[in-house]
Amino acid sequence: FAATRTFHSVRSASAGALPPEALPVTAAAYAFSLLASPLPDRPALVDASTGIAVSYPSFLAAVRSLAGGLWSSLGLRPGDVALVVAPSRLDVPVLHFALMSIGAVVSPANPASTPEEYAHQVALSRPVVAFAAPEVAAKLPAHVRSVVLGSDAYERLVSACAGSAPPPMAVKQSDTAAVLYSSGTTGRVRAVAITHRNLIALMCTHSENRKRAAAEATEAGEEPPPPAVTLLPLPLFHVFGFMMVLRSVSMGDTTVLMERFDFGAVLRAIERYRVTLLPAAPPVLVAMIKSEEARRHDLSSLLVIAVGGAPLGREVAERFAAIFPSVQIVQGYGLTESSGAVAGTVRPEESMKYGSAGKLGSRLQAKVVDPATGEALGPGQRGELWIRGPLVMKGTAETVDSDGWLKTGDLCYFNEDGFLYIVDRLKELIKYKGYQVPPAELEHILTSHPGIADAAVIGYPDEDAGQVPMAFIVRQPGLNLTGQQVIDYVAKHVAPYKKVRRVAFVAAIPKSPAGKILRRELVQQAMSMGAS
Ligand code: ATP
């Protein structure tokens, strides 16, 4: 991430070498072009539960062969959308790359969704085919042609063109490579069209960052950072996991896949595979701090935890750093609409800025806009974050304006040094008697309490105040915290208008598979339950 420069109220990060836009190249071809020759002699993919590994030569051969089968046997053509609905198994990244390499559009969806949710997604993306894990296929709308992963029909596609590549195709970088779905934390999921150019820009930035880190290490007389062994407990259908695999393959790293998030299995996999990089949502750091189990494993290989998707509280980051001093916390901020991270605390000295989402990534511009007046604001002033640059999706007028600015819907500010601080989503701010209360701030305070294992806050309708902050609390086992103790604890840390005024104890906080609090579900729960 290059240093940011400020031009009045617009921040820009400096540009680097992206391939010319007119060059017809797919994201898959670009990823492979970044790999050194001969191909890396480490696995591209490993299945965490079985230990089965796929080498780089096997991975590339499998992608080429399947791409040929998709083209010649299934008749897929550039622009055709293919839904992929499966847990993170070894064949899924192969399928993603094969689809992208023939210009077909990969559209990964959650295998745990309901038939209604698939119907909504299918209406948005209009797939011509769905590739589904055996346990999912029956939930898909009947009118979509489906191919079951691992079935004989699928295996025929895999092997139909072994050793031969599909014919060259005219795929432009501006063509859609993937249709991803947002997390649906605030409402129904949205479909987001990501282009090959978006993905190429993302890989280009990662490759520049790695080269710069290597050059800096050499200059300091140190060993350059080794290739990463990345453990991916995040789903491949969410922007974070989807992009991590692309990044990892383009850098020649190893990705260890997990079918679903399971904290104990994460700890065991770190130990077994000597994992160096763990992308995770903030609740994973909370669990690592609070769990005794984490102390029982050898986690000494872990160098970096890349945290994103939701706000990471300063307290949590500080406590994590105290317990795991050798692990660098890289915080990243992004949206599905921005193809993932647009800001991050990438450099080691930046990662000590706990609570910040870091500096703007290369080739991006940002401004902070007063949502009421549309006026651009200066450092330290809070407003909506707008971003522009090659990572921003092909937009609709609603989300991307005619000048290319994506309105993120997030309330934020930059400090004088160009560090970004996300306060909360504008939509989720609680309005108490005309004051705005960011739920994320209260959640950070709550999770710092030793008697609280997890917490989430919503606005509860109130006749006098409009809304009052209501906390959902998961108690730490064995500690019998009361609602009044929760209220008093928060009151000690915040101005009176931010006080929690209602408390409910629950067994678990509903989260998306990428670790985000599903606040809309909590609102429904609050309406149907009595709060104490
Ligand atoms: P939906 O829009 O369907 O409700 P969503 O906004 O959660 O879902 P995503 O694209 O997965 O969909 O998430 C992007 C949002 O996640 C951002 O707009 C921001 O609110 C939040 N976010 C991501 N990273 C961070 C971070 N580092 N700090 C704070 N918030 C973050």
# chains A, B, ... in the order shown; residues from 1 in each chain; ligands from 1

call {"tool": "select_by_dssp", "arguments": {"residues": "range 237-328 of chain A", "states": "helix (DSSP H, G or I)", "output": "number ranges by chain"}}
result
A: 239-250, 263-273, 282-290, 293-296, 314-323

call {"tool": "residues_near_ligand", "arguments": {"ligand": "ligand 1", "cutoff": "8 Å", "atoms": "only C-alpha atoms and all ligand atoms", "output": "ChimeraX atom specification"}}
result
/A:181-190,238-240,307-312,331-337,340-341,356-357,408-410,421-425,514,516

call {"tool": "select_by_dssp", "arguments": {"residues": "range 327-444 of chain A", "states": "strand (DSSP E)", "output": "JSON, numbers by chain"}}
result
{"A": [328, 329, 330, 331, 332, 333, 334, 335, 340, 341, 342, 343, 344, 359, 360, 365, 366, 367, 368, 369, 376, 377, 383, 384, 385, 386, 387, 388, 406, 407, 408, 409, 410, 411, 412, 413, 414, 420, 421, 422, 423, 424, 425, 430, 431, 432, 435, 436, 437]}

call {"tool": "residues_around", "arguments": {"residues": "Leu303 in chain A", "least_positions_apart": "3", "cutoff": "7 Å", "atoms": "only C-alpha atoms", "output": "number ranges by chain"}}
result
A: 276-277, 326-328

call {"tool": "write_last_selection", "arguments": {"atoms": "all heavy atoms", "output": "compact mmCIF listing (two decimals), in the first residue's frame"}}
result
# COMPACT_ATOMS: atom_id res chain seq x y z
N THR A 276 0.91 -20.04 8.50
CA THR A 276 1.55 -18.74 8.79
C THR A 276 0.56 -17.58 8.70
O THR A 276 0.78 -16.55 9.30
CB THR A 276 2.71 -18.48 7.81
OG1 THR A 276 2.19 -18.43 6.48
CG2 THR A 276 3.78 -19.54 7.90
N LEU A 277 -0.51 -17.75 7.91
CA LEU A 277 -1.45 -16.63 7.70
C LEU A 277 -2.87 -17.11 7.94
O LEU A 277 -3.32 -18.09 7.35
CB LEU A 277 -1.30 -16.12 6.26
CG LEU A 277 -2.34 -15.14 5.74
CD1 LEU A 277 -2.36 -13.85 6.55
CD2 LEU A 277 -2.07 -14.80 4.27
N SER A 326 3.97 -12.48 18.84
CA SER A 326 4.70 -12.67 17.58
C SER A 326 3.77 -12.65 16.36
O SER A 326 4.23 -12.80 15.23
CB SER A 326 5.47 -13.99 17.62
OG SER A 326 4.55 -15.03 17.86
N VAL A 327 2.47 -12.49 16.58
CA VAL A 327 1.53 -12.49 15.45
C VAL A 327 1.18 -11.04 15.07
O VAL A 327 0.73 -10.27 15.91
CB VAL A 327 0.22 -13.25 15.81
CG1 VAL A 327 -0.74 -13.28 14.62
CG2 VAL A 327 0.53 -14.66 16.27
N GLN A 328 1.43 -10.70 13.81
CA GLN A 328 1.09 -9.36 13.33
C GLN A 328 -0.40 -9.31 12.99
O GLN A 328 -0.91 -10.19 12.30
CB GLN A 328 1.92 -9.06 12.07
CG GLN A 328 1.73 -7.67 11.53
CD GLN A 328 2.29 -7.51 10.12
OE1 GLN A 328 3.07 -8.35 9.65
NE2 GLN A 328 1.90 -6.46 9.44

call {"tool": "closest_residue", "arguments": {"among": "A:Thr50, A:Ser65, A:Gln121, A:Ser73", "to": "Ser101 in chain A", "atoms": "only C-alpha atoms"}}
result
A:Ser65

call {"tool": "atom_distance", "arguments": {"atom1": "CA of His493 in chain A", "atom2": "CA of Ile445 in chain A"}}
result
7.6 Å

call {"tool": "residues_around", "arguments": {"residues": "range 191-197 of chain A", "least_positions_apart": "5", "cutoff": "8 Å", "atoms": "only C-alpha atoms", "output": "list in words"}}
result
Glu21, Val25, Thr26, Ala27, Gln121, Leu124, Ser125, Lys172, Gln173, Ser174, Asp175, Thr176, Ala177, Ala178, Val179, Leu180, Tyr181, Ser182, Thr336, Glu337, Ser339, Pro390, Leu391, Met393, Lys394 and Gly395 of chain A

call {"tool": "write_last_selection", "arguments": {"atoms": "C-alpha atoms", "output": "PDB file, in the first residue's frame"}}
result
ATOM      1  CA  GLU A  21      -6.836  -2.412 -20.061  1.00  0.00           C
ATOM      2  CA  VAL A  25      -6.742 -11.454 -20.357  1.00  0.00           C
ATOM      3  CA  THR A  26      -8.896 -13.267 -17.805  1.00  0.00           C
ATOM      4  CA  ALA A  27      -8.312 -13.079 -14.058  1.00  0.00           C
ATOM      5  CA  GLN A 121     -30.147 -15.293  -5.970  1.00  0.00           C
ATOM      6  CA  LEU A 124     -30.602 -11.789  -9.543  1.00  0.00           C
ATOM      7  CA  SER A 125     -27.824 -13.553 -11.449  1.00  0.00           C
ATOM      8  CA  LYS A 172     -12.172  -8.432 -22.189  1.00  0.00           C
ATOM      9  CA  GLN A 173     -10.906  -7.309 -18.795  1.00  0.00           C
ATOM     10  CA  SER A 174     -14.062  -5.234 -18.449  1.00  0.00           C
ATOM     11  CA  ASP A 175     -16.216  -8.384 -18.728  1.00  0.00           C
ATOM     12  CA  THR A 176     -17.803  -9.818 -15.607  1.00  0.00           C
ATOM     13  CA  ALA A 177     -15.723 -12.569 -13.987  1.00  0.00           C
ATOM     14  CA  ALA A 178     -17.814 -13.216 -10.895  1.00  0.00           C
ATOM     15  CA  VAL A 179     -21.178 -12.382  -9.434  1.00  0.00           C
ATOM     16  CA  LEU A 180     -20.776 -12.379  -5.671  1.00  0.00           C
ATOM     17  CA  TYR A 181     -23.513 -11.906  -3.112  1.00  0.00           C
ATOM     18  CA  SER A 182     -23.255  -9.469  -0.210  1.00  0.00           C
ATOM     19  CA  THR A 336     -18.242  -7.003  -1.837  1.00  0.00           C
ATOM     20  CA  GLU A 337     -18.745  -3.995  -4.145  1.00  0.00           C
ATOM     21  CA  SER A 339     -13.801  -6.642  -4.559  1.00  0.00           C
ATOM     22  CA  PRO A 390     -10.108  -0.234 -10.336  1.00  0.00           C
ATOM     23  CA  LEU A 391     -11.369  -2.421  -7.490  1.00  0.00           C
ATOM     24  CA  MET A 393     -17.438  -3.113  -9.210  1.00  0.00           C
ATOM     25  CA  LYS A 394     -19.248  -2.462 -12.419  1.00  0.00           C
ATOM     26  CA  GLY A 395     -22.004  -0.468 -10.775  1.00  0.00           C
TER      27      GLY A 395
END

call {"tool": "residues_around", "arguments": {"residues": "Leu140 in chain A", "least_positions_apart": "4", "cutoff": "9 Å", "atoms": "only C-alpha atoms", "output": "list in words"}}
result
Thr114, Pro115, Glu116, Tyr118, Ala119, Val122, Ala130, Ala132, Val136, Val144 and Ser146 of chain A

call {"tool": "write_last_selection", "arguments": {"atoms": "N, CA and C atoms", "output": "compact mmCIF listing (two decimals), in the first residue's frame"}}
result
# COMPACT_ATOMS: atom_id res chain seq x y z
N THR A 114 -31.45 -21.43 2.05
CA THR A 114 -32.75 -22.11 1.90
C THR A 114 -33.19 -22.03 0.43
N PRO A 115 -34.16 -22.87 0.02
CA PRO A 115 -34.67 -22.78 -1.36
C PRO A 115 -35.13 -21.37 -1.72
N GLU A 116 -35.75 -20.66 -0.77
CA GLU A 116 -36.21 -19.29 -1.05
C GLU A 116 -35.02 -18.38 -1.35
N TYR A 118 -32.11 -19.26 -2.52
CA TYR A 118 -31.56 -19.57 -3.86
C TYR A 118 -32.43 -18.98 -4.95
N ALA A 119 -33.75 -19.04 -4.74
CA ALA A 119 -34.65 -18.49 -5.76
C ALA A 119 -34.36 -17.00 -5.96
N VAL A 122 -30.95 -16.68 -7.78
CA VAL A 122 -31.07 -17.09 -9.18
C VAL A 122 -31.78 -15.99 -9.99
N ALA A 130 -26.01 -24.73 -12.61
CA ALA A 130 -25.59 -24.67 -11.21
C ALA A 130 -24.75 -25.90 -10.91
N ALA A 132 -23.51 -28.06 -7.93
CA ALA A 132 -23.93 -28.16 -6.54
C ALA A 132 -23.33 -29.39 -5.87
N VAL A 136 -26.79 -30.38 -1.63
CA VAL A 136 -27.43 -29.08 -1.87
C VAL A 136 -28.38 -29.11 -3.06
N VAL A 144 -33.32 -24.50 -13.10
CA VAL A 144 -31.89 -24.31 -13.37
C VAL A 144 -31.24 -25.68 -13.59
N SER A 146 -28.75 -28.42 -13.32
CA SER A 146 -27.69 -28.56 -12.31
C SER A 146 -26.81 -29.77 -12.57

call {"tool": "atom_distance", "arguments": {"atom1": "CA of Thr254 in chain A", "atom2": "CA of Val54 in chain A"}}
result
9.5 Å

call {"tool": "closest_residue", "arguments": {"among": "A:Asn198, A:Ser49, A:Gln381, A:Ser207", "to": "Leu35 in chain A", "atoms": "only C-alpha atoms"}}
result
A:Ser207

call {"tool": "residues_around", "arguments": {"residues": "Gly459 in chain A", "least_positions_apart": "5", "cutoff": "9 Å", "atoms": "only C-alpha atoms", "output": "compact mmCIF listing (two decimals) with all heavy atoms, in the first residue's frame"}}
result
# COMPACT_ATOMS: atom_id res chain seq x y z
N GLU A 428 -26.98 1.29 10.44
CA GLU A 428 -27.14 0.59 11.72
C GLU A 428 -26.95 1.50 12.93
O GLU A 428 -27.02 1.05 14.07
CB GLU A 428 -26.19 -0.59 11.78
CG GLU A 428 -26.66 -1.67 10.84
CD GLU A 428 -25.81 -2.91 10.84
OE1 GLU A 428 -24.71 -2.90 11.41
OE2 GLU A 428 -26.24 -3.90 10.24
N LEU A 429 -26.68 2.78 12.69
CA LEU A 429 -26.53 3.69 13.82
C LEU A 429 -27.86 3.74 14.58
O LEU A 429 -28.93 3.83 13.97
CB LEU A 429 -26.20 5.10 13.32
CG LEU A 429 -24.82 5.29 12.72
CD1 LEU A 429 -24.67 6.72 12.22
CD2 LEU A 429 -23.74 4.96 13.74
N ILE A 430 -27.76 3.69 15.89
CA ILE A 430 -28.97 3.75 16.72
C ILE A 430 -29.27 5.23 16.94
O ILE A 430 -28.36 6.02 17.25
CB ILE A 430 -28.73 3.02 18.06
CG1 ILE A 430 -28.42 1.55 17.77
CG2 ILE A 430 -29.93 3.18 18.99
CD1 ILE A 430 -27.84 0.81 18.95
N LYS A 431 -30.52 5.62 16.75
CA LYS A 431 -30.87 7.02 16.96
C LYS A 431 -31.59 7.18 18.29
O LYS A 431 -32.76 6.84 18.42
CB LYS A 431 -31.75 7.54 15.81
CG LYS A 431 -30.92 7.95 14.61
CD LYS A 431 -31.14 7.09 13.49
CE LYS A 431 -30.21 7.17 12.34
NZ LYS A 431 -30.23 5.91 11.61
N TYR A 432 -30.83 7.67 19.28
CA TYR A 432 -31.39 7.85 20.62
C TYR A 432 -31.62 9.34 20.85
O TYR A 432 -30.66 10.11 20.89
CB TYR A 432 -30.41 7.28 21.66
CG TYR A 432 -30.85 7.54 23.08
CD1 TYR A 432 -31.84 6.76 23.69
CD2 TYR A 432 -30.29 8.57 23.84
CE1 TYR A 432 -32.26 7.01 24.98
CE2 TYR A 432 -30.70 8.83 25.13
CZ TYR A 432 -31.69 8.04 25.70
OH TYR A 432 -32.11 8.29 26.99
N VAL A 437 -25.79 6.61 18.00
CA VAL A 437 -25.00 5.68 18.81
C VAL A 437 -24.52 4.53 17.92
O VAL A 437 -25.34 3.76 17.41
CB VAL A 437 -25.83 5.10 19.99
CG1 VAL A 437 -24.96 4.24 20.88
CG2 VAL A 437 -26.52 6.20 20.77
N PRO A 439 -23.50 0.97 17.24
CA PRO A 439 -23.53 -0.30 17.99
C PRO A 439 -22.15 -0.94 18.14
O PRO A 439 -21.86 -1.54 19.17
CB PRO A 439 -24.46 -1.19 17.17
CG PRO A 439 -24.85 -0.46 15.96
CD PRO A 439 -24.45 0.97 16.12
N GLY A 466 -37.20 7.25 20.52
CA GLY A 466 -37.04 6.80 19.12
C GLY A 466 -36.51 5.38 19.12
O GLY A 466 -37.20 4.43 18.77
N GLN A 467 -35.26 5.26 19.59
CA GLN A 467 -34.65 3.93 19.76
C GLN A 467 -33.80 3.96 21.02
O GLN A 467 -33.25 5.01 21.38
CB GLN A 467 -33.71 3.62 18.58
CG GLN A 467 -34.40 3.25 17.29
CD GLN A 467 -33.37 2.90 16.22
OE1 GLN A 467 -32.36 3.58 16.06
NE2 GLN A 467 -33.64 1.83 15.49
N VAL A 468 -33.65 2.80 21.66
CA VAL A 468 -32.67 2.70 22.75
C VAL A 468 -31.72 1.54 22.43
O VAL A 468 -32.13 0.55 21.82
CB VAL A 468 -33.34 2.45 24.13
CG1 VAL A 468 -34.17 3.66 24.55
CG2 VAL A 468 -34.18 1.18 24.12
N PRO A 469 -30.45 1.66 22.86
CA PRO A 469 -29.52 0.55 22.62
C PRO A 469 -29.92 -0.68 23.43
O PRO A 469 -30.14 -0.59 24.64
CB PRO A 469 -28.17 1.09 23.09
CG PRO A 469 -28.32 2.59 23.03
CD PRO A 469 -29.75 2.86 23.38
N MET A 470 -30.04 -1.80 22.75
CA MET A 470 -30.35 -3.06 23.41
C MET A 470 -29.21 -4.05 23.15
O MET A 470 -28.80 -4.22 22.00
CB MET A 470 -31.65 -3.62 22.84
CG MET A 470 -31.94 -5.03 23.32
SD MET A 470 -33.55 -5.59 22.74
CE MET A 470 -33.58 -7.25 23.43
N ALA A 471 -28.74 -4.66 24.24
CA ALA A 471 -27.59 -5.58 24.10
C ALA A 471 -28.06 -7.03 24.19
O ALA A 471 -28.86 -7.38 25.06
CB ALA A 471 -26.57 -5.30 25.18
N VAL A 523 -33.01 -8.08 15.44
CA VAL A 523 -34.16 -7.17 15.50
C VAL A 523 -35.44 -8.01 15.56
O VAL A 523 -36.32 -7.78 16.39
CB VAL A 523 -34.17 -6.20 14.30
CG1 VAL A 523 -35.47 -5.40 14.25
CG2 VAL A 523 -32.97 -5.26 14.35
